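Novice: Mind looking over this structure? Questions follow.
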Amino acid sequence: MERSERFWNPYVAGVMLGLALLASFLVMGRSLGASGAANRLSIAAAQVIAPSVVDANASMTALAHEGRGVLDDWLVFEVLGVLLGGMVGAYSAGRFRFGVIRGAGVGVTQRLAFAFAGGMLMGLAARAARGCTSGQALGGGAVLSVGAWIFMISVFAGGYAFAFFLRRQWR
Amino acid sequence: MSFPFEALSLSQRELGLIVGVVLGFVFGFVLERAGFGRATKLAAQFYLTDMTVLKVMFSAIVTAMGGLLVVAGLGLTDLPAISQSIASWTWIWPMLIGGFVLGAGFIVSGYCPGTAIVSAGSGNVDGMVAFAGVVSGSFVYNLLLEIPAVAKFHTSGELGPAFIHELIGVPAPVVGVAVVLMAIGAFIGSEKVEAIVRRRRAGEEPPRTAYESRPRRFAFATFLTLAALGVVLLALPQRSDARDARPMTSIPSEELAKLLIDEPWSLRVIDFRPATDFAAARIPTSENVSAEKLRELGLEYADPSRPIVIVTAGPASRMPAGLATFRGEVLALDGGWAAWKSFALDPAPTPEPDASASERDLYAFRSALSASLAGRTLEAVPAAPARSYAPKPRTTGGGCNG
């Protein structure tokens, strides 16, 4: 197997991930997350491009006018760490390179269009579900939250339901 | 109770932010090493060729859950309080539908929001584009929330802080053991599925994953040990349950309204409804705080002689965890916002001609209230003799320490 395709045993990786999550629970009293930071980033971008939109929107002002900058938040710093961790992980494993990961069935343009569209769906969904697979499914799931388990089962259901229609993309 | 370190969110906030970067770094590094920076590996979960996503997710959940149950069992943290601080409230419909849509987005983009960040960090342009999509999607949802129908969907099926073990009424470690057993079943199942699919594809391409059976057995042994540990935990007294049962006195809308007029300084009203609902209509003097932000108010330092009244959309089921540190009295608005709206904002039903004096007083009070709060025209009390409203001297403290 090629060096760049060598990954950790999934169970070992899972236990390590669980320990990081547990540390976050015990030290900070909160879960690791991702989508909350994306929401704050969107509000910060809107403050620069169209501040009037932020002022007219109750959900955005609720986060924008907390007395601190909208990006001055724990989750934003945590996500910065995730980005760095991904970078160092890929670089030290010899697989850091600029490129587009895609199945053999699609071209670069279509792949990027799908990545954006899928990302957009996830942005909408994560706001509705109050979190994504990190904060809601992993964090909420580990503390046995009812909503987190409903969410997690739904994520797998949604993935399998649409997998058939997208099989050419991932062939 | 030692964990979590509250100060990291308050006085030592900067240190807490550094801890955030460090924890995030570990999270991102491990995700990358698991292969989660690559869309093709993640998507394979949904074509049954590579079940890494399921294995990693369930191993992580079982580890964090088991660890937390052990720490709570040893009395080092308060399980209900820390669980409420970690998990969001449950809203059934947005979480069910949100999950389904997120799953669809996952298979379309090849990432979930967290792994898109890892992928972007690994230099993959598709990961960067997917994350840009997540950012735009969040923005669009915030815009959509201004539509009343969407706002209604956003808060539909509210259960408040809901946990499986409380819902079915068993100790948390029992559910913990069930989750571990379920995870082991899922692991064995996914190994079988992978083997079947691999055999069917033999000759087509070399196997993607070839793990030694030794670490796998080692991992299974660990999880089984955890399950056994959970059984031992059952023997430990459930010390944290008593704290959780701290009662909340309820305050009727009428009493709250009178207090807010007579002594507005004597109460602090915290409204947990979504910002959009709060912006549309609110109780005078109230502040809008999300359950997640509650800890940041530093309520353990707040004046305990000033009770806190909590306002939720419907009747409050239980006290939000962030309030456990408040030393004063916590009151729940009886019937929640719905009850306040019908008492103070909706037009009061006109009293019958044979209504008693106190019923007339109440009507006068309510119509004056809805005139000032909802901008309705002030209706005269029908059937003379018209009387002016005179508040009766309150005989009880009304949960307000006098």
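Residues in the structure tokens are numbered from 1 in each chain, the chains being A, B, ... in the order shown, and ligands are numbered from 1 in the order shown.
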Skip region 98-105 of chain B itself and residues of its chain fewer than 4 positions away, then list as a list in words all residues within 7 Å of it, counting only C-alpha atoms.
Specialist: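 Listed by chain and then number, they are Gly118, Gly119, Leu121, Met122, Ala125, Ala126, Ala128, Ala129, Phe151, Met152, Ser154, Val155, Phe156, Ala157, Gly158, Gly159 and Phe162 of chain A; Pro94 and Ser109 of chain B.
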Novice: Could you turn the residues from that selection into a file that holds N, CA and C atoms, as a PDB file, in the first residue's frame?
Specialist:
ATOM      1  N   GLY A 118     -23.270  20.395  -1.509  1.00  0.00           N
ATOM      2  CA  GLY A 118     -23.403  19.536  -0.333  1.00  0.00           C
ATOM      3  C   GLY A 118     -23.072  20.292   0.939  1.00  0.00           C
ATOM      4  N   GLY A 119     -22.037  21.122   0.866  1.00  0.00           N
ATOM      5  CA  GLY A 119     -21.664  21.946   2.020  1.00  0.00           C
ATOM      6  C   GLY A 119     -22.805  22.863   2.426  1.00  0.00           C
ATOM      7  N   LEU A 121     -26.032  22.432   1.881  1.00  0.00           N
ATOM      8  CA  LEU A 121     -27.073  21.622   2.535  1.00  0.00           C
ATOM      9  C   LEU A 121     -26.702  21.377   3.996  1.00  0.00           C
ATOM     10  N   MET A 122     -25.414  21.057   4.237  1.00  0.00           N
ATOM     11  CA  MET A 122     -24.982  20.770   5.606  1.00  0.00           C
ATOM     12  C   MET A 122     -25.035  22.013   6.488  1.00  0.00           C
ATOM     13  N   ALA A 125     -28.601  22.409   7.406  1.00  0.00           N
ATOM     14  CA  ALA A 125     -29.020  21.337   8.301  1.00  0.00           C
ATOM     15  C   ALA A 125     -28.415  21.485   9.692  1.00  0.00           C
ATOM     16  N   ALA A 126     -27.143  21.899   9.746  1.00  0.00           N
ATOM     17  CA  ALA A 126     -26.483  22.002  11.045  1.00  0.00           C
ATOM     18  C   ALA A 126     -27.099  23.118  11.884  1.00  0.00           C
ATOM     19  N   ALA A 128     -30.286  23.972  11.739  1.00  0.00           N
ATOM     20  CA  ALA A 128     -31.570  23.445  12.218  1.00  0.00           C
ATOM     21  C   ALA A 128     -31.347  22.474  13.364  1.00  0.00           C
ATOM     22  N   ALA A 129     -30.313  21.626  13.238  1.00  0.00           N
ATOM     23  CA  ALA A 129     -30.091  20.558  14.221  1.00  0.00           C
ATOM     24  C   ALA A 129     -29.255  21.022  15.403  1.00  0.00           C
ATOM     25  N   PHE A 151     -30.669  12.717  15.695  1.00  0.00           N
ATOM     26  CA  PHE A 151     -29.889  13.355  14.638  1.00  0.00           C
ATOM     27  C   PHE A 151     -28.937  12.354  13.972  1.00  0.00           C
ATOM     28  N   MET A 152     -28.203  11.593  14.800  1.00  0.00           N
ATOM     29  CA  MET A 152     -27.198  10.680  14.273  1.00  0.00           C
ATOM     30  C   MET A 152     -27.821   9.615  13.369  1.00  0.00           C
ATOM     31  N   SER A 154     -30.579   9.836  11.801  1.00  0.00           N
ATOM     32  CA  SER A 154     -31.060  10.538  10.615  1.00  0.00           C
ATOM     33  C   SER A 154     -29.939  10.811   9.615  1.00  0.00           C
ATOM     34  N   VAL A 155     -28.745  11.140  10.124  1.00  0.00           N
ATOM     35  CA  VAL A 155     -27.615  11.423   9.226  1.00  0.00           C
ATOM     36  C   VAL A 155     -27.310  10.184   8.379  1.00  0.00           C
ATOM     37  N   PHE A 156     -27.217   9.021   9.056  1.00  0.00           N
ATOM     38  CA  PHE A 156     -26.923   7.798   8.307  1.00  0.00           C
ATOM     39  C   PHE A 156     -28.069   7.482   7.339  1.00  0.00           C
ATOM     40  N   ALA A 157     -29.302   7.671   7.779  1.00  0.00           N
ATOM     41  CA  ALA A 157     -30.453   7.432   6.903  1.00  0.00           C
ATOM     42  C   ALA A 157     -30.364   8.316   5.665  1.00  0.00           C
ATOM     43  N   GLY A 158     -30.064   9.595   5.862  1.00  0.00           N
ATOM     44  CA  GLY A 158     -29.969  10.533   4.739  1.00  0.00           C
ATOM     45  C   GLY A 158     -28.843  10.149   3.794  1.00  0.00           C
ATOM     46  N   GLY A 159     -27.706   9.761   4.357  1.00  0.00           N
ATOM     47  CA  GLY A 159     -26.566   9.375   3.527  1.00  0.00           C
ATOM     48  C   GLY A 159     -26.874   8.170   2.662  1.00  0.00           C
ATOM     49  N   PHE A 162     -29.484   8.804  -0.207  1.00  0.00           N
ATOM     50  CA  PHE A 162     -29.065   9.518  -1.410  1.00  0.00           C
ATOM     51  C   PHE A 162     -27.844   8.883  -2.083  1.00  0.00           C
TER      52      PHE A 162
ATOM     53  N   PRO B  94     -36.652  19.627  13.969  1.00  0.00           N
ATOM     54  CA  PRO B  94     -35.461  20.149  13.268  1.00  0.00           C
ATOM     55  C   PRO B  94     -34.269  19.208  13.338  1.00  0.00           C
ATOM     56  N   SER B 109     -21.298  16.130  -0.893  1.00  0.00           N
ATOM     57  CA  SER B 109     -20.015  16.840  -0.824  1.00  0.00           C
ATOM     58  C   SER B 109     -18.855  15.897  -0.501  1.00  0.00           C
TER      59      SER B 109
END
Novice: Mind checking which residues fall within 10 Å of Ala332 (chain B), counting only C-alpha atoms, ignoring those fewer than 2 positions away in the same chain, and posting them as a list in words?
Specialist: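 My reading of the contact set: Met248, Thr249, Ser250, Ile251, Pro252, Val269, Ile270, Ile308, Val309, Ile310, Val311, Thr312, Pro315, Ala316, Ser317, Arg318, Met319, Val330, Asp334, Gly335 and Gly336 of chain B.
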Novice: Keeping only N, CA, C and O atoms, write the selected residues to a file as a tab-separated table (two decimals), in the first residue's frame.
Specialist:
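Written output follows (out17.tsv):
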chain	number	residue	atom	x	y	z
B	248	MET	N	-38.10	23.68	41.07
B	248	MET	CA	-38.28	25.04	40.58
B	248	MET	C	-39.68	25.48	40.99
B	248	MET	O	-40.66	24.80	40.69
B	249	THR	N	-39.77	26.59	41.70
B	249	THR	CA	-41.08	27.13	42.03
B	249	THR	C	-41.62	27.78	40.77
B	249	THR	O	-40.86	28.32	39.99
B	250	SER	N	-42.93	27.71	40.58
B	250	SER	CA	-43.43	28.40	39.40
B	250	SER	C	-44.11	29.69	39.82
B	250	SER	O	-44.59	29.83	40.95
B	251	ILE	N	-44.09	30.65	38.92
B	251	ILE	CA	-44.71	31.94	39.19
B	251	ILE	C	-45.75	32.19	38.10
B	251	ILE	O	-45.44	32.10	36.91
B	252	PRO	N	-47.00	32.46	38.48
B	252	PRO	CA	-48.03	32.70	37.47
B	252	PRO	C	-47.80	34.04	36.76
B	252	PRO	O	-47.18	34.95	37.32
B	269	VAL	N	-35.32	38.54	34.79
B	269	VAL	CA	-36.06	37.65	33.90
B	269	VAL	C	-35.15	37.20	32.75
B	269	VAL	O	-34.60	38.04	32.03
B	270	ILE	N	-34.95	35.90	32.62
B	270	ILE	CA	-34.11	35.37	31.53
B	270	ILE	C	-34.99	34.56	30.58
B	270	ILE	O	-35.68	33.64	30.99
B	308	ILE	N	-34.25	34.65	39.90
B	308	ILE	CA	-34.25	34.61	38.43
B	308	ILE	C	-35.52	33.93	37.97
B	308	ILE	O	-35.89	32.87	38.49
B	309	VAL	N	-36.22	34.57	37.04
B	309	VAL	CA	-37.41	33.96	36.46
B	309	VAL	C	-37.03	33.46	35.08
B	309	VAL	O	-36.48	34.22	34.27
B	310	ILE	N	-37.26	32.17	34.80
B	310	ILE	CA	-36.91	31.68	33.48
B	310	ILE	C	-38.16	31.56	32.60
B	310	ILE	O	-39.23	31.18	33.06
B	311	VAL	N	-37.97	31.95	31.35
B	311	VAL	CA	-39.06	31.94	30.39
B	311	VAL	C	-38.69	31.02	29.23
B	311	VAL	O	-37.65	31.20	28.61
B	312	THR	N	-39.50	30.01	28.98
B	312	THR	CA	-39.31	29.13	27.83
B	312	THR	C	-40.57	29.23	26.97
B	312	THR	O	-41.56	29.82	27.39
B	315	PRO	N	-44.32	25.29	28.82
B	315	PRO	CA	-44.00	25.06	30.23
B	315	PRO	C	-42.57	24.54	30.37
B	315	PRO	O	-42.13	23.71	29.58
B	316	ALA	N	-41.83	25.05	31.36
B	316	ALA	CA	-40.45	24.61	31.56
B	316	ALA	C	-40.46	23.23	32.21
B	316	ALA	O	-41.12	23.01	33.20
B	317	SER	N	-39.70	22.29	31.60
B	317	SER	CA	-39.71	20.93	32.11
B	317	SER	C	-38.78	20.80	33.32
B	317	SER	O	-39.10	20.16	34.29
B	318	ARG	N	-37.61	21.42	33.24
B	318	ARG	CA	-36.65	21.32	34.34
B	318	ARG	C	-35.69	22.49	34.27
B	318	ARG	O	-35.63	23.20	33.28
B	319	MET	N	-34.92	22.63	35.34
B	319	MET	CA	-34.04	23.78	35.41
B	319	MET	C	-32.84	23.62	34.49
B	319	MET	O	-32.17	22.60	34.55
B	330	VAL	N	-34.74	30.20	41.88
B	330	VAL	CA	-35.05	30.16	40.46
B	330	VAL	C	-36.54	29.88	40.31
B	330	VAL	O	-37.06	28.92	40.86
B	334	ASP	N	-44.96	30.13	34.95
B	334	ASP	CA	-45.96	29.08	34.83
B	334	ASP	C	-46.56	29.05	33.41
B	334	ASP	O	-47.12	30.04	32.96
B	335	GLY	N	-46.38	27.94	32.71
B	335	GLY	CA	-46.93	27.82	31.36
B	335	GLY	C	-46.06	28.46	30.30
B	335	GLY	O	-46.39	28.42	29.12
B	336	GLY	N	-44.93	29.09	30.71
B	336	GLY	CA	-44.00	29.65	29.76
B	336	GLY	C	-44.54	30.86	29.00
B	336	GLY	O	-45.53	31.49	29.42
Novice: Determine, counting only C-alpha atoms, which protein, DNA and RNA residues have an atom within 10 Å of an atom of region 76-85 of chain B; residues of the same chain fewer than 6 positions away are not included. Present the result as a tab-separated table (two decimals) with N, CA and C atoms, in the first residue's frame.
Specialist:
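Result file selection_33.tsv:
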chain	number	residue	atom	x	y	z
A	25	PHE	N	-14.81	17.60	27.38
A	25	PHE	CA	-15.95	17.55	28.33
A	25	PHE	C	-15.49	17.98	29.72
A	26	LEU	N	-14.40	17.34	30.19
A	26	LEU	CA	-14.01	17.50	31.59
A	26	LEU	C	-13.35	18.85	31.85
A	28	MET	N	-13.39	21.72	29.73
A	28	MET	CA	-14.15	22.90	29.32
A	28	MET	C	-15.65	22.78	29.62
A	29	GLY	N	-16.11	21.57	29.84
A	29	GLY	CA	-17.55	21.39	30.02
A	29	GLY	C	-18.30	21.58	28.72
A	30	ARG	N	-17.64	21.32	27.61
A	30	ARG	CA	-18.33	21.44	26.33
A	30	ARG	C	-17.78	20.45	25.32
A	31	SER	N	-18.50	20.29	24.21
A	31	SER	CA	-18.09	19.33	23.20
A	31	SER	C	-17.18	20.01	22.17
A	139	GLY	N	-20.54	14.63	20.44
A	139	GLY	CA	-20.62	15.20	21.79
A	139	GLY	C	-21.94	14.87	22.47
A	140	GLY	N	-23.05	15.20	21.79
A	140	GLY	CA	-24.36	14.93	22.35
A	140	GLY	C	-24.61	13.43	22.48
A	142	ALA	N	-22.42	11.09	23.07
A	142	ALA	CA	-21.67	10.52	24.19
A	142	ALA	C	-22.32	10.83	25.54
A	143	VAL	N	-23.09	11.92	25.63
A	143	VAL	CA	-23.79	12.19	26.89
A	143	VAL	C	-25.24	11.73	26.83
A	144	LEU	N	-25.56	10.92	25.80
A	144	LEU	CA	-26.86	10.26	25.67
A	144	LEU	C	-28.02	11.24	25.52
A	145	SER	N	-27.76	12.35	24.80
A	145	SER	CA	-28.84	13.30	24.53
A	145	SER	C	-29.82	12.68	23.53
B	1	MET	N	-17.48	18.09	43.45
B	1	MET	CA	-17.54	18.32	41.99
B	1	MET	C	-16.35	19.15	41.56
B	2	SER	N	-15.45	18.55	40.77
B	2	SER	CA	-14.25	19.28	40.35
B	2	SER	C	-14.32	19.70	38.88
B	3	PHE	N	-14.85	18.82	38.04
B	3	PHE	CA	-14.91	19.12	36.61
B	3	PHE	C	-16.28	19.68	36.25
B	4	PRO	N	-16.41	20.49	35.21
B	4	PRO	CA	-15.34	21.11	34.45
B	4	PRO	C	-14.77	22.32	35.18
B	68	LEU	N	-16.68	9.48	30.81
B	68	LEU	CA	-17.49	10.44	31.57
B	68	LEU	C	-18.29	9.74	32.67
B	69	LEU	N	-18.83	8.56	32.36
B	69	LEU	CA	-19.61	7.83	33.36
B	69	LEU	C	-18.71	7.40	34.52
B	70	VAL	N	-17.46	7.02	34.20
B	70	VAL	CA	-16.54	6.63	35.27
B	70	VAL	C	-16.22	7.83	36.15
B	160	GLY	N	-36.63	20.26	25.61
B	160	GLY	CA	-35.70	20.81	26.59
B	160	GLY	C	-34.47	19.93	26.70
B	161	PRO	N	-33.77	19.97	27.84
B	161	PRO	CA	-32.62	19.09	27.99
B	161	PRO	C	-33.12	17.66	28.22
B	162	ALA	N	-33.01	16.80	27.21
B	162	ALA	CA	-33.58	15.45	27.30
B	162	ALA	C	-32.49	14.41	27.12
B	163	PHE	N	-32.47	13.44	28.02
B	163	PHE	CA	-31.44	12.39	27.95
B	163	PHE	C	-32.11	11.03	27.96
B	166	GLU	N	-32.93	9.33	31.26
B	166	GLU	CA	-34.00	9.98	32.02
B	166	GLU	C	-35.36	9.71	31.38
B	172	ALA	N	-27.99	6.09	34.14
B	172	ALA	CA	-27.20	6.33	32.93
B	172	ALA	C	-26.28	5.15	32.57
B	238	GLN	N	-25.91	6.41	42.96
B	238	GLN	CA	-26.12	7.48	41.97
B	238	GLN	C	-26.25	8.80	42.71
B	239	ARG	N	-25.10	9.32	43.13
B	239	ARG	CA	-25.12	10.49	43.99
B	239	ARG	C	-25.61	11.77	43.31
B	240	SER	N	-25.49	11.80	42.00
B	240	SER	CA	-25.79	13.07	41.35
B	240	SER	C	-27.29	13.29	41.12
B	241	ASP	N	-28.06	12.23	41.24
B	241	ASP	CA	-29.48	12.37	40.91
B	241	ASP	C	-30.23	13.32	41.86
B	243	ARG	N	-29.16	16.10	43.32
B	243	ARG	CA	-28.95	17.50	42.95
B	243	ARG	C	-29.86	17.92	41.81
B	244	ASP	N	-30.00	16.98	40.89
B	244	ASP	CA	-30.75	17.28	39.69
B	244	ASP	C	-32.21	17.59	40.01
B	245	ALA	N	-32.68	17.00	41.08
B	245	ALA	CA	-34.10	17.13	41.40
B	245	ALA	C	-34.42	18.46	42.09
B	291	ALA	N	-29.43	28.71	26.07
B	291	ALA	CA	-29.05	27.79	27.14
B	291	ALA	C	-27.54	27.57	27.17
B	292	GLU	N	-26.92	27.62	25.96
B	292	GLU	CA	-25.49	27.37	25.88
B	292	GLU	C	-24.68	28.53	26.47
B	293	LYS	N	-25.25	29.74	26.37
B	293	LYS	CA	-24.52	30.94	26.80
B	293	LYS	C	-24.69	31.21	28.30
B	294	LEU	N	-25.56	30.43	28.93
B	294	LEU	CA	-25.93	30.71	30.31
B	294	LEU	C	-24.71	30.71	31.23
B	295	ARG	N	-23.80	29.77	30.97
B	295	ARG	CA	-22.63	29.65	31.83
B	295	ARG	C	-21.77	30.92	31.81
B	320	PRO	N	-32.55	24.62	33.63
B	320	PRO	CA	-31.35	24.53	32.79
B	320	PRO	C	-30.10	24.43	33.66
B	321	ALA	N	-29.12	23.63	33.21
B	321	ALA	CA	-27.96	23.30	34.03
B	321	ALA	C	-27.17	24.53	34.47
B	322	GLY	N	-27.09	25.53	33.58
B	322	GLY	CA	-26.29	26.70	33.89
B	322	GLY	C	-26.77	27.44	35.13
B	323	LEU	N	-28.02	27.18	35.53
B	323	LEU	CA	-28.57	27.88	36.69
B	323	LEU	C	-28.23	27.19	38.00
B	324	ALA	N	-27.66	25.97	37.91
B	324	ALA	CA	-27.39	25.21	39.13
B	324	ALA	C	-26.41	25.95	40.04
B	325	THR	N	-25.54	26.77	39.44
B	325	THR	CA	-24.54	27.46	40.25
B	325	THR	C	-25.10	28.73	40.91
Novice: Between A:Val48, A:Ala37, A:Leu124, A:Leu71, which has the minimum distance to chain B (counting only C-alpha atoms)?
Specialist: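 Nearest candidate to chain B out of A:Val48, A:Ala37, A:Leu124, A:Leu71: A:Leu124.
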Novice: Just the helix (DSSP H, G or I) stuff from region 43-160 of chain A, please, per backbone DSSP, written as a count of residues only.
Specialist: 86
Novice: Determine, counting only C-alpha atoms, which protein, DNA and RNA residues have an atom within 8 Å of an atom of Leu19 (chain A); residues of the same chain fewer than 4 positions away are not included. Present the result as a list in words.
Specialist: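 The residues that qualify are Val15 and Ala23 of chain A; Ala60, Thr63 and Ala64 of chain B.
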Novice: Take the residues from that selection and write them out as a compact mmCIF listing (two decimals), in the first residue's frame, keeping C-alpha atoms.
Specialist:
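Dumped to out_21.txt:
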# COMPACT_ATOMS: atom_id res chain seq x y z
CA VAL A 15 -10.45 5.77 20.97
CA ALA A 23 -10.80 15.94 27.77
CA ALA B 60 -15.12 7.73 19.98
CA THR B 63 -14.77 6.04 24.86
CA ALA B 64 -15.98 9.52 25.76
Novice: Write out as a ChimeraX atom specification each polymer residue whose atoms come within 12 Å of Val135 (chain B), counting only C-alpha atoms; drop sequence neighbours fewer than 2 positions from it.
Specialist: /A:34-46,116-127 /B:113,116-117,128-133,137-142
Novice: When distances are computed from only C-alpha atoms, which of A:Glu66, A:Ala115, A:Met16, A:Glu5 shows the smallest separation from chain B?
Specialist: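 When distances to chain B are compared using only C-alpha atoms, the smallest one comes from A:Ala115.
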